[in-house]
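Colleague: My questions will all concern the structure given below.
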Amino acid sequence: MIYLPIAEMPVNVLLILLVSGGVGFVSGLVGVGGGFIVTPSLIILGVPAPVAVATGLSQVAATSFSGIMTQTRRRSVDWRMGMLLSIGGMIGISLGVWLFQRLLGLGQLDLVISLLYLVLLAGVGWLMLAESYAVMRGRTHRGVSILRRPARTIAHRLPFRMLFPRSGLYISVIPPLTLGLAIGALAAIMGVGGGFILIPAMIYLLRMPTNVVVGTSLFQTLIVTSLLIIVQAKATTTIDLVLASLLMLGGVVGAQFGARLGARLKGEQIRALLGVILILASMKFLADVVALPQETYVLGDGW
Amino acid sequence: MLAALALLAFVAPAHAQRQPGDVARDLPAAVAEDRISVGSDYRGSSITVFGFNPDRRGRGDIVVVVRGPDKPATLMRKRRVFGLWVNGDRVAFASAPTFFAVLSSRSLNEIAPAAAIRRYELDPAASAELASQTPRGSTGADYRAALVRLRRAQGLYQEQAGVTGETNQGAITLYRGGLFRAVVRLPANAPIDEYQVDTYLFRDRRLISSQRTPVNIARIGIERNIHDLANQYPLFYGLLTVLLALGIGWGAAALFRRS
């Protein structure tokens with residue numbers, strides 16, 4: 001047991017390491033930061049929600065950087081695309097922080113967070129599951145992937161086009177900027193890196209090749225979470241350094257093991273797995289907003 | 001030990017002070033801990049209150065109130081909108097104690113009239129101050145009760161009555177000669193701040209005397225350093241967290257590449 005100075009509660013060191021290790025394993029496996037699992041887990045363990053949201057980001061930052069180190073060696077980070085997404089992300093963060101405070105003032109923050117999680121997790125999860133199922137079935141029958149990349153999307157038609165040599169794309173800069181902005185805003189409100197939305201968006205919307213998607217999304221996640229950590233430290237002082245250290249340690253070790261297993265699995269298997277995880281996670285949020293509450297009153301601010 | 005406590009009890013009246021229009025604050029009572037330290041091994045604590053009932057025949061009732069600082073609070077009642085539970089009907093409290101424990105030798109209603117309980121703020125519901133109108137279909141009492149219920153579930157509000165006997169564990173332990181003792185459990189989630197301990201002596205449903213003692217809960221060591229850093233140099237603290245994340249991330253990647 002160790003006492004957390006900012007969360008003002010004692011926690012079991014082993015339990016936190018185990019949880020962060022497990023989250024790290026999943027994030028290493030599928031190539032996302034894992035914020036969407038670590039933040040709710042911390043809340044379930046009794047960590048006050050504002051602390052969980054802000055501190056969970058530190059694990060995401062550590063695992064993404066660890067992931068980037070590995071991905072750079074495989075030359076699978078599109079730096080140009082990553083920078084563009086990050087610039088959008090920075091604008092999105094300021095928008096998100098402003099929204100966060102507005103919603104907190106209205107007392108509807110937890111409802112909005114639950115609904116956002118519900119819609120995004122279920123939607124993205126279903127999309128990934130359906131797609132990977134189609135690929136798997138297609139593979140067994142014809143031996144070809146039905147996900148053929150070069151199909152043109154809106155990204156190819158808009159103005160301000162730019163060449164992305166690493167991804168082999170010549171597309172407009174508007175979709176990446178908008179995408180980055182949306183992810184940044186979501187990250188600020190939900191306390192996640194946003195990889196679980198960014199990865200599918202990059203594949204389906206920008207038509208980036210799958211091998212650069214993970215590395216590039218990690219890069220954007222690292223920039224956005226690092227910036228958010230500093231913003232949260234300054235604005236809300238809800239980052240617990242002791243808890244953060246434990247999360248980071250467990251997270252990076254778990255992520256390394258996850259990445260090893262991930263390298264041995266096929267892309268569509270990983271996507272199907274992520275889809276299942278997302279749908280399962282969304283069930284919890286569905287229960288939160290629909291089930292009859294045991295206590296009809298809730299405490300607003302103050303933990 | 002009892003002798004030392006008795007001595008302590010007799011020294012206490014020297015600090016007694018009178019407040020105009022109120023009863024004498026001369027009840028011999030003191031707190032065993034004058035400071036509670038919160039270090040990295042902190043898992044909650046307790047506050048032990050000792051006192052002496054000057055009545056030779058031991059008549060009277062003891063009430064001990066341990067109270068954390070007052071802070072504003074808001075409470076919302078969930079409402080169903082299109083099948084979803086949303087937070088509606090918001091009510092603000094101008095101030096409510098962040099921690100409130102009341103230990104009494106009998107139940108409060110037997111010891112004092114309702115007016116006195118309200119006046120001296122002897123129970124948590126009486127101590128919370130509503131700041132806004134309550135929505136239709138509910139009363140201030142509903143919201144007060146809900147606040148107490150929620151905080152009680154968190155261990156922040158405690159109410160306990162009874163005297164420790166041969167078999168039962170009560171709120172107040174009485175010793176021969178008028179000495180009494182009360183122990184308040186302080187859960188680990190209780191705010192780290194200045195607390196106030198009020199000890200009251202009631203007889204025939206009237207307040208006879210009281211005593212107020214402050215208790216300070218403070219962080220020490222690394223807990224204190226981290227907390228101070230986060231509050232005084234937030235920018236540096238944020239940067240430190242990011243650097244730590246980068247360092248640990250890099251370390252793991254480097255370590256696992258070699259093996």
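Order determines the names: the first chain of the structure tokens is A, the second B, and so forth; residues in each chain are numbered 1 upward, and ligands are numbered 1 upward as they are shown.
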Name the residues in contact with Val102 (chain B) at a cut-off of 9 Å, using only C-alpha atoms, excluding same-chain residues fewer than 3 positions from it; report them as a list in words.

Modeller: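 Those residues are Val63, Val64, Val65, Val66, Arg67, Leu122, Asp123, Pro124, Tyr157, Gln158, Glu159, Gln160, Ala161, Ala171 and Val184 of chain B.
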
Colleague: Just need the residues of chain B within 7 Å of chain A, counting only C-alpha atoms, so spit them out as number ranges by chain.

Modeller: B: 40-43, 73-78, 83-87, 146, 188-189, 223, 226-227, 230-231, 234-235, 237-239, 241-242, 245-246, 248-250, 252-253

Colleague: Mind the document's chain letters and residue numbers, and return as an mmCIF file with C-alpha atoms, in the first residue's frame the residues of region 13-179 of chain B that DSSP labels strand (DSSP E).

Modeller:
```cif
data_model
loop_
_atom_site.group_PDB
_atom_site.id
_atom_site.type_symbol
_atom_site.label_atom_id
_atom_site.label_comp_id
_atom_site.auth_asym_id
_atom_site.auth_seq_id
_atom_site.Cartn_x
_atom_site.Cartn_y
_atom_site.Cartn_z
ATOM 1 C CA GLN B 17 -12.263 31.204 27.155
ATOM 2 C CA ARG B 18 -15.697 32.695 27.471
ATOM 3 C CA ALA B 24 -18.600 28.716 29.291
ATOM 4 C CA ARG B 25 -15.943 27.038 27.177
ATOM 5 C CA ALA B 29 -11.173 18.164 27.393
ATOM 6 C CA ALA B 30 -8.204 17.673 25.107
ATOM 7 C CA VAL B 31 -7.077 15.767 22.046
ATOM 8 C CA ARG B 35 -0.812 16.782 14.753
ATOM 9 C CA ILE B 36 -1.467 13.898 12.372
ATOM 10 C CA SER B 37 1.222 13.216 9.784
ATOM 11 C CA VAL B 38 0.419 11.933 6.326
ATOM 12 C CA SER B 45 -5.816 7.628 11.284
ATOM 13 C CA SER B 46 -7.824 8.373 14.390
ATOM 14 C CA ILE B 47 -8.419 11.276 16.732
ATOM 15 C CA THR B 48 -8.652 10.469 20.439
ATOM 16 C CA VAL B 49 -10.508 12.941 22.644
ATOM 17 C CA PHE B 50 -10.118 12.836 26.427
ATOM 18 C CA GLY B 51 -12.130 14.832 28.893
ATOM 19 C CA PHE B 52 -13.440 15.101 32.392
ATOM 20 C CA ASP B 61 -24.147 13.597 28.552
ATOM 21 C CA ILE B 62 -21.053 13.973 26.442
ATOM 22 C CA VAL B 63 -21.094 14.932 22.757
ATOM 23 C CA VAL B 64 -17.876 15.011 20.742
ATOM 24 C CA VAL B 65 -17.890 16.597 17.273
ATOM 25 C CA VAL B 66 -14.866 16.315 14.969
ATOM 26 C CA ARG B 67 -15.255 18.600 12.012
ATOM 27 C CA ASP B 70 -16.474 23.821 5.410
ATOM 28 C CA LYS B 71 -16.542 23.895 1.612
ATOM 29 C CA PRO B 72 -19.282 24.583 -0.955
ATOM 30 C CA ALA B 73 -20.950 21.510 -2.447
ATOM 31 C CA THR B 74 -23.525 20.771 -5.114
ATOM 32 C CA LEU B 75 -26.012 17.991 -5.286
ATOM 33 C CA MET B 76 -28.054 16.876 -8.282
ATOM 34 C CA ARG B 77 -31.008 14.579 -8.530
ATOM 35 C CA LYS B 78 -31.062 12.175 -11.451
ATOM 36 C CA ARG B 79 -33.931 12.566 -13.844
ATOM 37 C CA ARG B 80 -35.048 10.347 -16.682
ATOM 38 C CA VAL B 81 -35.005 11.976 -20.124
ATOM 39 C CA LEU B 84 -31.500 8.118 -20.130
ATOM 40 C CA TRP B 85 -30.636 9.161 -16.599
ATOM 41 C CA VAL B 86 -29.380 12.725 -16.632
ATOM 42 C CA ASN B 87 -28.277 14.929 -13.779
ATOM 43 C CA GLY B 88 -31.026 17.449 -13.214
ATOM 44 C CA ASP B 89 -32.424 19.503 -10.343
ATOM 45 C CA ARG B 90 -29.220 20.994 -9.101
ATOM 46 C CA VAL B 91 -29.001 22.384 -5.585
ATOM 47 C CA ALA B 92 -26.013 24.239 -4.185
ATOM 48 C CA PHE B 93 -24.801 24.248 -0.622
ATOM 49 C CA ALA B 94 -23.005 27.440 0.360
ATOM 50 C CA SER B 95 -21.014 25.405 2.828
ATOM 51 C CA ALA B 96 -20.991 21.888 4.150
ATOM 52 C CA PRO B 97 -18.413 20.246 6.394
ATOM 53 C CA PHE B 100 -18.127 15.457 10.279
ATOM 54 C CA ALA B 101 -18.119 12.877 13.037
ATOM 55 C CA VAL B 102 -20.407 13.110 16.038
ATOM 56 C CA LEU B 103 -20.027 10.752 18.987
ATOM 57 C CA SER B 104 -22.474 10.993 21.858
ATOM 58 C CA GLU B 129 -26.082 25.451 4.552
ATOM 59 C CA LEU B 130 -28.341 25.510 1.494
ATOM 60 C CA TYR B 157 -19.828 11.653 7.884
ATOM 61 C CA GLN B 158 -20.141 9.498 10.970
ATOM 62 C CA GLU B 159 -22.744 9.349 13.699
ATOM 63 C CA GLN B 160 -22.366 7.079 16.673
ATOM 64 C CA ALA B 161 -24.158 6.988 20.007
ATOM 65 C CA ILE B 172 -17.940 7.198 24.429
ATOM 66 C CA THR B 173 -15.957 5.263 27.034
ATOM 67 C CA LEU B 174 -16.519 6.369 30.639
ATOM 68 C CA LEU B 179 -12.952 10.751 32.929
#
```

Colleague: Which one is closest to Val51 (chain A): A:Gly31, A:Gly191, A:Gly215, A:Gly258? Count only C-alpha atoms.

Modeller: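 Closest residue, counting only C-alpha atoms: A:Gly191.
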
Colleague: Find the residues near Phe164 (chain A): any atom within 10 Å, counting only C-alpha atoms, skip ones fewer than 4 places away on the same chain, and give them as an MDAnalysis selection string.

Modeller: chainID A and resid 78:81 168:171 208

Colleague: Run DSSP on the backbone of this structure and report the residues of region 189-239 of chain B it assigns to helix (DSSP H, G or I), as a PDB file with N, CA and C atoms, in the first residue's frame.

Modeller:
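Generated file (result_4.pdb):
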```pdb
ATOM      1  N   GLY B 221       7.295  14.684   4.461  1.00  0.00           N
ATOM      2  CA  GLY B 221       8.221  13.977   3.576  1.00  0.00           C
ATOM      3  C   GLY B 221       7.893  14.152   2.105  1.00  0.00           C
ATOM      4  N   ILE B 222       8.035  13.082   1.353  1.00  0.00           N
ATOM      5  CA  ILE B 222       7.884  13.137  -0.110  1.00  0.00           C
ATOM      6  C   ILE B 222       6.463  13.517  -0.503  1.00  0.00           C
ATOM      7  N   GLU B 223       5.487  13.076   0.298  1.00  0.00           N
ATOM      8  CA  GLU B 223       4.084  13.419   0.022  1.00  0.00           C
ATOM      9  C   GLU B 223       3.929  14.939  -0.013  1.00  0.00           C
ATOM     10  N   ARG B 224       4.576  15.586   0.957  1.00  0.00           N
ATOM     11  CA  ARG B 224       4.501  17.036   1.054  1.00  0.00           C
ATOM     12  C   ARG B 224       5.225  17.689  -0.127  1.00  0.00           C
ATOM     13  N   ASN B 225       6.403  17.158  -0.456  1.00  0.00           N
ATOM     14  CA  ASN B 225       7.182  17.741  -1.554  1.00  0.00           C
ATOM     15  C   ASN B 225       6.401  17.689  -2.859  1.00  0.00           C
ATOM     16  N   ILE B 226       5.802  16.528  -3.145  1.00  0.00           N
ATOM     17  CA  ILE B 226       5.065  16.367  -4.397  1.00  0.00           C
ATOM     18  C   ILE B 226       3.865  17.309  -4.421  1.00  0.00           C
ATOM     19  N   HIS B 227       3.145  17.352  -3.317  1.00  0.00           N
ATOM     20  CA  HIS B 227       1.957  18.198  -3.259  1.00  0.00           C
ATOM     21  C   HIS B 227       2.324  19.672  -3.436  1.00  0.00           C
ATOM     22  N   ASP B 228       3.402  20.103  -2.759  1.00  0.00           N
ATOM     23  CA  ASP B 228       3.828  21.504  -2.870  1.00  0.00           C
ATOM     24  C   ASP B 228       4.266  21.828  -4.289  1.00  0.00           C
ATOM     25  N   LEU B 229       5.006  20.889  -4.892  1.00  0.00           N
ATOM     26  CA  LEU B 229       5.502  21.087  -6.255  1.00  0.00           C
ATOM     27  C   LEU B 229       4.320  21.246  -7.221  1.00  0.00           C
ATOM     28  N   ALA B 230       3.316  20.371  -7.075  1.00  0.00           N
ATOM     29  CA  ALA B 230       2.159  20.396  -7.968  1.00  0.00           C
ATOM     30  C   ALA B 230       1.401  21.705  -7.848  1.00  0.00           C
ATOM     31  N   ASN B 231       1.373  22.285  -6.646  1.00  0.00           N
ATOM     32  CA  ASN B 231       0.589  23.496  -6.441  1.00  0.00           C
ATOM     33  C   ASN B 231       1.382  24.772  -6.686  1.00  0.00           C
ATOM     34  N   GLN B 232       2.694  24.733  -6.385  1.00  0.00           N
ATOM     35  CA  GLN B 232       3.462  25.968  -6.510  1.00  0.00           C
ATOM     36  C   GLN B 232       4.129  26.112  -7.875  1.00  0.00           C
ATOM     37  N   PRO B 234       3.225  24.378 -11.050  1.00  0.00           N
ATOM     38  CA  PRO B 234       2.458  23.401 -11.848  1.00  0.00           C
ATOM     39  C   PRO B 234       3.073  23.129 -13.216  1.00  0.00           C
ATOM     40  N   LEU B 235       3.649  24.173 -13.828  1.00  0.00           N
ATOM     41  CA  LEU B 235       4.215  24.000 -15.164  1.00  0.00           C
ATOM     42  C   LEU B 235       5.394  23.036 -15.118  1.00  0.00           C
ATOM     43  N   PHE B 236       6.254  23.268 -14.137  1.00  0.00           N
ATOM     44  CA  PHE B 236       7.420  22.403 -13.958  1.00  0.00           C
ATOM     45  C   PHE B 236       6.976  20.978 -13.634  1.00  0.00           C
ATOM     46  N   TYR B 237       5.938  20.872 -12.797  1.00  0.00           N
ATOM     47  CA  TYR B 237       5.401  19.568 -12.398  1.00  0.00           C
ATOM     48  C   TYR B 237       4.886  18.805 -13.618  1.00  0.00           C
ATOM     49  N   GLY B 238       4.156  19.505 -14.498  1.00  0.00           N
ATOM     50  CA  GLY B 238       3.645  18.883 -15.719  1.00  0.00           C
ATOM     51  C   GLY B 238       4.780  18.413 -16.619  1.00  0.00           C
ATOM     52  N   LEU B 239       5.789  19.300 -16.781  1.00  0.00           N
ATOM     53  CA  LEU B 239       6.945  18.951 -17.610  1.00  0.00           C
ATOM     54  C   LEU B 239       7.671  17.743 -17.041  1.00  0.00           C
TER      55      LEU B 239
END
```

Colleague: Ranking A:Val192, A:Ile270, A:Ala155, A:Leu116 by minimum distance to Phe285 (chain A) and counting only C-alpha atoms, which one comes first?

Modeller: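 Closest residue, counting only C-alpha atoms: A:Leu116.
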
Colleague: Excluding Gly267 (chain A) and residues on its chain fewer than 3 positions from it, collect all residues at most 9 Å away from it, counting only C-alpha atoms, and give them as a list in words.

Modeller: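 Counting only the stated atoms, we get Val30, Ser132, Thr210, Gly262, Ile270, Arg271 and Ala272 of chain A.
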
Colleague: If you keep all heavy atoms, can you produce a file of those selected residues as a compact mmCIF listing (two decimals), in the first residue's frame?

Modeller:
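What follows is the written file result_33.txt:
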```txt
# COMPACT_ATOMS: atom_id res chain seq x y z
N VAL A 30 -2.59 -4.03 -29.84
CA VAL A 30 -3.36 -3.43 -30.92
C VAL A 30 -2.81 -2.08 -31.35
O VAL A 30 -3.28 -1.51 -32.33
CB VAL A 30 -4.85 -3.29 -30.55
CG1 VAL A 30 -5.47 -4.65 -30.36
CG2 VAL A 30 -5.01 -2.45 -29.31
N SER A 132 -13.09 -6.69 -40.12
CA SER A 132 -12.13 -7.78 -40.00
C SER A 132 -12.81 -9.13 -40.26
O SER A 132 -12.21 -10.05 -40.79
CB SER A 132 -11.46 -7.78 -38.64
OG SER A 132 -12.40 -7.74 -37.62
N THR A 210 -1.78 0.36 -43.75
CA THR A 210 -1.88 -0.12 -42.37
C THR A 210 -0.55 -0.12 -41.65
O THR A 210 -0.50 0.11 -40.44
CB THR A 210 -2.47 -1.55 -42.35
OG1 THR A 210 -3.50 -1.61 -43.33
CG2 THR A 210 -3.06 -1.90 -41.01
N GLY A 262 1.65 -9.14 -30.67
CA GLY A 262 1.00 -8.46 -31.79
C GLY A 262 1.72 -8.70 -33.11
O GLY A 262 1.09 -8.81 -34.16
N ILE A 270 -6.06 -8.67 -35.07
CA ILE A 270 -5.88 -7.61 -34.08
C ILE A 270 -7.08 -6.67 -34.09
O ILE A 270 -7.59 -6.28 -33.05
CB ILE A 270 -4.57 -6.83 -34.37
CG1 ILE A 270 -3.38 -7.75 -34.18
CG2 ILE A 270 -4.46 -5.62 -33.46
CD1 ILE A 270 -2.05 -7.12 -34.49
N ARG A 271 -7.54 -6.34 -35.31
CA ARG A 271 -8.67 -5.41 -35.40
C ARG A 271 -9.93 -6.03 -34.83
O ARG A 271 -10.71 -5.36 -34.17
CB ARG A 271 -8.88 -4.99 -36.86
CG ARG A 271 -7.88 -3.95 -37.31
CD ARG A 271 -8.40 -3.19 -38.52
NE ARG A 271 -8.48 -4.04 -39.70
CZ ARG A 271 -7.45 -4.31 -40.50
NH1 ARG A 271 -6.27 -3.80 -40.23
NH2 ARG A 271 -7.60 -5.06 -41.55
N ALA A 272 -10.12 -7.32 -35.05
CA ALA A 272 -11.30 -7.99 -34.49
C ALA A 272 -11.23 -7.97 -32.96
O ALA A 272 -12.22 -7.71 -32.28
CB ALA A 272 -11.36 -9.43 -34.99
```

Colleague: Work out how far CA of Arg260 (chain A) is from CA of Ile43 (chain A), in Å to one decimal.

Modeller: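 For CA of Ile43 (chain A) relative to CA of Arg260 (chain A), the distance reads 29.0 Å.
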
Colleague: One number please: CA of Arg206 (chain B) to CA of Glu121 (chain B), in Å, one decimal.

Modeller: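 These atoms are spaced 14.5 Å apart.
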
Colleague: One number please: CA of Arg75 (chain A) to CA of Asn211 (chain A), in Å, one decimal.

Modeller: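 So the answer is 9.3 Å.
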
Colleague: Just want the 8 Å neighbourhood of region 120-125 of chain A, counted on only C-alpha atoms, with same-chain residues fewer than 2 positions away dropped. Output as an MDAnalysis selection string.

Modeller: chainID A and resid 116:118 127:129 196:197 200 274:279 281:282

Colleague: Tell me which of A:Leu206, A:Ala188, A:Leu103, A:Leu246 sits closest to Thr221 (chain A), counting only C-alpha atoms.

Modeller: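 Of the candidates, the smallest distance to Thr221 (chain A) is held by A:Ala188.
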